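*Asks:* Below: one structure in structure tokens.
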Amino acid sequence: MGFWHTGYEEHHQVSSFWEANEAVNLCIEYKCEQCVESFDRPDLLVEHRFSAHPYEAPVLLIRGKEVGSLPTNINTPLTPNDILICNAVNSKINGSQVDLKEVAIQLSKVRQENIDLILSNNELTSRYRLRFNISSDKDLLGIEAEFLRLVQGRVLSRSAIDEFILKTANYKSAANYVDGLCEYFYGVLAKEESECSSLKPTKYREKFNRSAEQLIDYSRTLANYIKGLIAFHFNHFTEARIFLNVGNLFKVSSFYEQIFSGNDVDFERYLVADSQLLENILMDEETNLILNFFRNNNPSRADFNNLEQKLISTKVSEFGKIKLKILKIKLLIKYNNENQAVSILKELKGLSYLELWVGQVMKKIEQAR
């Protein structure tokens, strides 16, 4: 559970499983913004977009993601291969005409600059505002060292976050990294209804989304765990698995990913044991609650009653309650209480992303009768 609940002593070996300078290379999934398709290479995404959703206006893709009209932060260095331009014949960078073939090369060299990029074809023009603030290794390491000091303080509060911001103020090239970490902290305080939070509990969603947005460029252990925790909370289990990569929550995400894909997998295959990973230092109360149910090989009546209470608790989000209802269904079927399981299945039937799984479980129950 998060260091603000348990204290640093439970995680005194943090340095043994996480090096602050460790960068992580992820298997990136390139998603089509127009449909549900995804690809393992950006060129395949472009081919799909041209054939399935033809472009009219010029389009810019950076690391497989379409860039929109709002300003876009770029915090880690680009390579020419990270940049794809489609359906354009002319280009301007900060008002100067640039050969289209040179755009990717020039952008890959930018470190600290705001770029106004205009792409045009014979009929339409697209404008992109790119804010380059490439983080130095020195600044990233300094921020991560201060994070470990925050953990040692055993307290997560507005004053603790303020002190963290103050101590990282000189690491200017990685300001967005600090912002992403702090947005997560503020979101947790709001979500757990901390006395020191001035935000309404519902504001945590805005903070979590902002955190994920600010950290998206950073493929570092700390950033990836936070993005993984956020993805898990919002029931984006494929993304959670990619970011978490290993650990208990990775395994639990795999269980829910199967369920959301319509596969009725065996709950017991995904049981976990205690471990000391960075996810535990950063984990919010609700996520830890869900994980606890996967640590229990033989749940008692008291555990089941606890699950019942959490399902009516105002402190558990709707995303969390869906995860808990799936667990409850699994336990009810295990203990031969199919009638009550069917009642909950009917509640979930209206959710399109669970329709296949609900139908499969209902069919199994009917066949067993």
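Identifiers for the structure tokens are assigned positionally: chains receive A, B, ... in sequence, residues are indexed from 1 per chain, and ligands are indexed from 1 in the order shown.
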Could you pull the residues within 9 Å of A:Ile74, counting only C-alpha atoms, minus those fewer than 6 positions along the same chain, as a ChimeraX atom specification?

*Replies:* /A:130-134,217

*Asks:* Need the shell around A:Gln214: protein/DNA/RNA residues with any atom at most 12 Å away, counting only C-alpha atoms. Skip same-chain ones fewer than 5 positions apart. Format as a list in words?

*Replies:* Thr72, Asn73, Ile74, Asn75, Thr76, Asn133, Ala174, Ala175, Asn176, Tyr177, Val178, Asp179, Gly180, Leu181, Cys182, Glu183, Tyr184, Lys207, Phe208, Asn209, Ser219, Ala223, Asn224, Ile226 and Lys227 of chain A

*Asks:* As a PyMOL selection string, list the residues of stretch 97-262 of chain A assigned to strand (DSSP E) by DSSP on the backbone atoms of this structure.

*Replies:* chain A and resi 97+112-120+125-133

*Asks:* Using only C-alpha atoms, which of the listed residues (A:Ser69, A:Ser91, A:Ser135, A:Ser197) sits closest to A:Ala160?

*Replies:*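 Looking at the shortest contact to A:Ala160, the residue is A:Ser197.
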
*Asks:* A:Glu195: which residues within 10 Å, counting only C-alpha atoms, same-chain residues fewer than 5 positions away excluded, as a PDB file with C-alpha atoms, in the first residue's frame?

*Replies:*
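Contents of result-v2.pdb, as written:
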```pdb
ATOM      1  CA  SER A 157       0.164  15.964   2.150  1.00  0.00           C
ATOM      2  CA  ARG A 158      -0.096  19.290   0.390  1.00  0.00           C
ATOM      3  CA  LEU A 189      -5.281  12.978  -1.858  1.00  0.00           C
ATOM      4  CA  ALA A 190      -8.590  14.021  -3.420  1.00  0.00           C
TER       5      ALA A 190
END
```

*Asks:* Could you give me, as a PyMOL selection string, the residues within 9 Å of A:Phe232, counting only C-alpha atoms and dropping anything in the same chain fewer than 4 positions from it?

*Replies:* chain A and resi 227-228+236-241+249+253+287

*Asks:* Please measure the separation of atom CA of A:Asn292 and atom CA of A:Glu213, giving the value in Å to one decimal.

*Replies:*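 Distance between the two atoms: 28.5 Å.
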
*Asks:* Taking only C-alpha atoms into account, name the residue in A:Gln34, A:Asn296, A:Ser317, A:Ser96 that is nearest to A:Tyr270.

*Replies:* A:Asn296

*Asks:* Mind checking which residues fall within 6 Å of A:Ser120, counting only C-alpha atoms, ignoring those fewer than 3 positions away in the same chain, and posting them as a PyMOL selection string?

*Replies:* chain A and resi 88+90+124-125

*Asks:* For a quick check of understanding, using only C-alpha atoms, which of A:Thr221, A:Ser313, A:Asn94, A:Gln258 has the smallest distance to A:Gln106?

*Replies:* A:Asn94

*Asks:* To one decimal place in Å, what is the distance between atom CA of A:Gln152 and atom CA of A:His233?

*Replies:*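 Distance reported for this atom pair: 25.4 Å.
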
*Asks:* As number ranges by chain, please: the residues near A:Gln97 (cut-off 12 Å, only C-alpha atoms, same-chain neighbours under 5 positions excluded).

*Replies:* A: 89-92, 102-103, 116-120

*Asks:* Among the residues of stretch 97-156 of chain A, find those DSSP assigns to alpha helix (DSSP H) from the backbone and print them as a short mmCIF file (atom, residue, chain, number, x, y, z; two decimals) with C-alpha atoms, in the first residue's frame.

*Replies:*
```cif
data_model
loop_
_atom_site.label_atom_id
_atom_site.label_comp_id
_atom_site.auth_asym_id
_atom_site.auth_seq_id
_atom_site.Cartn_x
_atom_site.Cartn_y
_atom_site.Cartn_z
CA VAL A 103 10.93 18.28 -41.35
CA ALA A 104 11.49 15.08 -39.35
CA ILE A 105 15.26 15.63 -39.32
CA GLN A 106 14.92 19.22 -38.08
CA LEU A 107 12.37 18.35 -35.39
CA SER A 108 14.58 15.55 -34.09
CA LYS A 109 17.32 18.11 -33.38
CA ASP A 137 19.38 12.95 -17.50
CA LYS A 138 20.78 15.06 -14.66
CA ASP A 139 17.40 16.68 -14.00
CA LEU A 140 15.52 13.39 -14.19
CA LEU A 141 17.90 11.75 -11.71
CA GLY A 142 17.62 14.74 -9.37
CA ILE A 143 13.82 14.54 -9.38
CA GLU A 144 13.82 10.79 -8.73
CA ALA A 145 16.24 11.25 -5.83
CA GLU A 146 13.85 13.80 -4.32
CA PHE A 147 10.98 11.36 -4.82
CA LEU A 148 12.82 8.79 -2.69
CA ARG A 149 13.26 11.44 0.01
CA LEU A 150 9.51 12.10 -0.17
CA VAL A 151 8.91 8.37 0.40
CA GLN A 152 11.25 8.44 3.41
#
```

*Asks:* Need the shell around stretch 297-306 of chain A: protein/DNA/RNA residues with any atom at most 12 Å away, counting only C-alpha atoms. Skip same-chain ones fewer than 2 positions apart. Format as a PyMOL selection string?

*Replies:* chain A and resi 267-273+289-290+292-295+308-313+324-325+327-332+334-335

*Asks:* If you keep N, CA and C atoms, can you produce a file of those selected residues as a JSON list (two decimals), in the first residue's frame?

*Replies:*
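Saved as again.json:
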```json
[["chain", "number", "residue", "atom", "x", "y", "z"],
["A", 267, "PHE", "N", -10.23, -17.62, -11.82],
["A", 267, "PHE", "CA", -9.75, -16.61, -10.87],
["A", 267, "PHE", "C", -8.49, -17.07, -10.14],
["A", 268, "GLU", "N", -8.44, -18.34, -9.73],
["A", 268, "GLU", "CA", -7.33, -18.84, -8.92],
["A", 268, "GLU", "C", -5.99, -18.79, -9.66],
["A", 269, "ARG", "N", -6.02, -18.79, -10.97],
["A", 269, "ARG", "CA", -4.77, -18.73, -11.74],
["A", 269, "ARG", "C", -4.06, -17.41, -11.58],
["A", 270, "TYR", "N", -4.76, -16.42, -11.08],
["A", 270, "TYR", "CA", -4.20, -15.06, -11.01],
["A", 270, "TYR", "C", -3.96, -14.60, -9.57],
["A", 271, "LEU", "N", -3.99, -15.53, -8.63],
["A", 271, "LEU", "CA", -3.70, -15.17, -7.25],
["A", 271, "LEU", "C", -2.25, -14.71, -7.13],
["A", 272, "VAL", "N", -2.00, -13.79, -6.21],
["A", 272, "VAL", "CA", -0.66, -13.20, -6.07],
["A", 272, "VAL", "C", -0.18, -13.33, -4.63],
["A", 273, "ALA", "N", 1.13, -13.16, -4.45],
["A", 273, "ALA", "CA", 1.74, -13.14, -3.12],
["A", 273, "ALA", "C", 2.26, -11.73, -2.85],
["A", 289, "LEU", "N", -7.03, -2.47, -2.07],
["A", 289, "LEU", "CA", -8.21, -3.26, -1.65],
["A", 289, "LEU", "C", -8.48, -4.37, -2.66],
["A", 290, "ILE", "N", -8.48, -4.03, -3.94],
["A", 290, "ILE", "CA", -8.74, -5.02, -4.98],
["A", 290, "ILE", "C", -7.63, -6.07, -5.00],
["A", 292, "ASN", "N", -5.84, -7.06, -2.59],
["A", 292, "ASN", "CA", -5.94, -7.93, -1.41],
["A", 292, "ASN", "C", -6.80, -9.16, -1.67],
["A", 293, "PHE", "N", -7.83, -9.01, -2.50],
["A", 293, "PHE", "CA", -8.70, -10.15, -2.80],
["A", 293, "PHE", "C", -7.97, -11.20, -3.64],
["A", 294, "PHE", "N", -6.93, -10.76, -4.35],
["A", 294, "PHE", "CA", -6.15, -11.71, -5.15],
["A", 294, "PHE", "C", -5.00, -12.32, -4.33],
["A", 295, "ARG", "N", -4.83, -11.83, -3.11],
["A", 295, "ARG", "CA", -3.81, -12.41, -2.23],
["A", 295, "ARG", "C", -4.38, -13.54, -1.38],
["A", 308, "GLU", "N", -18.87, -7.11, 0.18],
["A", 308, "GLU", "CA", -20.22, -6.55, 0.12],
["A", 308, "GLU", "C", -20.23, -5.09, 0.57],
["A", 309, "GLN", "N", -19.50, -4.81, 1.66],
["A", 309, "GLN", "CA", -19.46, -3.45, 2.21],
["A", 309, "GLN", "C", -18.78, -2.49, 1.24],
["A", 310, "LYS", "N", -17.71, -2.95, 0.61],
["A", 310, "LYS", "CA", -16.97, -2.07, -0.32],
["A", 310, "LYS", "C", -17.81, -1.73, -1.55],
["A", 311, "LEU", "N", -18.72, -2.64, -1.92],
["A", 311, "LEU", "CA", -19.57, -2.39, -3.09],
["A", 311, "LEU", "C", -20.59, -1.28, -2.85],
["A", 312, "ILE", "N", -20.87, -0.98, -1.59],
["A", 312, "ILE", "CA", -21.81, 0.12, -1.30],
["A", 312, "ILE", "C", -21.09, 1.33, -0.73],
["A", 313, "SER", "N", -19.78, 1.25, -0.63],
["A", 313, "SER", "CA", -19.00, 2.36, -0.08],
["A", 313, "SER", "C", -18.91, 3.51, -1.08],
["A", 324, "LEU", "N", -14.82, -5.12, -8.50],
["A", 324, "LEU", "CA", -15.28, -5.87, -7.33],
["A", 324, "LEU", "C", -16.49, -6.75, -7.64],
["A", 325, "LYS", "N", -17.39, -6.28, -8.50],
["A", 325, "LYS", "CA", -18.55, -7.10, -8.88],
["A", 325, "LYS", "C", -18.11, -8.35, -9.64],
["A", 327, "LEU", "N", -15.30, -9.88, -9.18],
["A", 327, "LEU", "CA", -14.78, -10.77, -8.13],
["A", 327, "LEU", "C", -15.91, -11.44, -7.37],
["A", 328, "LYS", "N", -16.95, -10.67, -7.06],
["A", 328, "LYS", "CA", -18.08, -11.22, -6.31],
["A", 328, "LYS", "C", -18.75, -12.33, -7.10],
["A", 329, "ILE", "N", -18.92, -12.11, -8.40],
["A", 329, "ILE", "CA", -19.53, -13.15, -9.24],
["A", 329, "ILE", "C", -18.69, -14.42, -9.21],
["A", 330, "LYS", "N", -17.39, -14.26, -9.30],
["A", 330, "LYS", "CA", -16.49, -15.42, -9.27],
["A", 330, "LYS", "C", -16.63, -16.19, -7.95],
["A", 331, "LEU", "N", -16.70, -15.46, -6.84],
["A", 331, "LEU", "CA", -16.80, -16.11, -5.53],
["A", 331, "LEU", "C", -18.17, -16.78, -5.34],
["A", 332, "LEU", "N", -19.22, -16.11, -5.81],
["A", 332, "LEU", "CA", -20.57, -16.70, -5.68],
["A", 332, "LEU", "C", -20.67, -18.01, -6.45],
["A", 334, "LYS", "N", -18.15, -19.94, -7.24],
["A", 334, "LYS", "CA", -17.28, -20.90, -6.56],
["A", 334, "LYS", "C", -18.00, -21.59, -5.41],
["A", 335, "TYR", "N", -18.82, -20.81, -4.69],
["A", 335, "TYR", "CA", -19.53, -21.36, -3.53],
["A", 335, "TYR", "C", -20.98, -21.71, -3.85]]
```

*Asks:* Using only C-alpha atoms, pick whichever of A:Ile333, A:Tyr256, A:Asn170, A:Pro58 has the shortest atom-to-atom distance to A:Gly320.

*Replies:*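 So, comparing all the options, the nearest one is A:Tyr256.
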
*Asks:* Provide the atom CA of A:Ile326 to atom CA of A:Val265 distance in Å, to one decimal place.

*Replies:*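 Value for the atom CA of A:Ile326-atom CA of A:Val265 distance: 11.5 Å.
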
*Asks:* Could the residues of stretch 235-275 of chain A that have an atom at most 12 Å from stretch 345-353 of chain A be listed as CSV, each with its closest atom pair and the distance in Å to one decimal, counting only C-alpha atoms and ordered by chain and ascending residue number?

*Replies:*
```
residue,atom,partner,partner_atom,distance
A:Asn235,CA,A:Tyr353,CA,10.4
A:His236,CA,A:Tyr353,CA,11.1
A:Tyr256,CA,A:Tyr353,CA,11.3
A:Glu257,CA,A:Tyr353,CA,10.5
A:Gln258,CA,A:Tyr353,CA,11.3
A:Ile259,CA,A:Tyr353,CA,9.2
A:Phe260,CA,A:Tyr353,CA,5.9
A:Ser261,CA,A:Tyr353,CA,7.6
A:Gly262,CA,A:Tyr353,CA,8.2
A:Asn263,CA,A:Tyr353,CA,11.7
```

*Asks:* Would you save the residues of that selection, restricted to N, CA and C atoms, as a tab-separated table (two decimals), in the first residue's frame?

*Replies:*
```tsv
chain	number	residue	atom	x	y	z
A	235	ASN	N	-9.70	0.98	-15.66
A	235	ASN	CA	-10.05	-0.28	-16.32
A	235	ASN	C	-9.50	-0.38	-17.74
A	236	HIS	N	-8.35	0.26	-17.97
A	236	HIS	CA	-7.65	0.13	-19.25
A	236	HIS	C	-6.54	-0.90	-19.04
A	256	TYR	N	-8.18	-9.24	-15.52
A	256	TYR	CA	-9.28	-8.38	-15.96
A	256	TYR	C	-9.25	-8.16	-17.47
A	257	GLU	N	-8.06	-8.14	-18.06
A	257	GLU	CA	-7.97	-8.00	-19.51
A	257	GLU	C	-8.67	-9.17	-20.19
A	258	GLN	N	-8.46	-10.37	-19.65
A	258	GLN	CA	-9.13	-11.55	-20.20
A	258	GLN	C	-10.65	-11.44	-20.06
A	259	ILE	N	-11.11	-11.02	-18.89
A	259	ILE	CA	-12.55	-10.88	-18.66
A	259	ILE	C	-13.15	-9.86	-19.63
A	260	PHE	N	-12.50	-8.72	-19.76
A	260	PHE	CA	-13.01	-7.66	-20.64
A	260	PHE	C	-12.94	-8.07	-22.12
A	261	SER	N	-12.11	-9.07	-22.42
A	261	SER	CA	-12.02	-9.59	-23.79
A	261	SER	C	-13.04	-10.70	-24.04
A	262	GLY	N	-13.82	-11.04	-23.00
A	262	GLY	CA	-14.86	-12.04	-23.16
A	262	GLY	C	-14.44	-13.44	-22.79
A	263	ASN	N	-13.28	-13.58	-22.15
A	263	ASN	CA	-12.78	-14.91	-21.78
A	263	ASN	C	-13.02	-15.16	-20.29
```
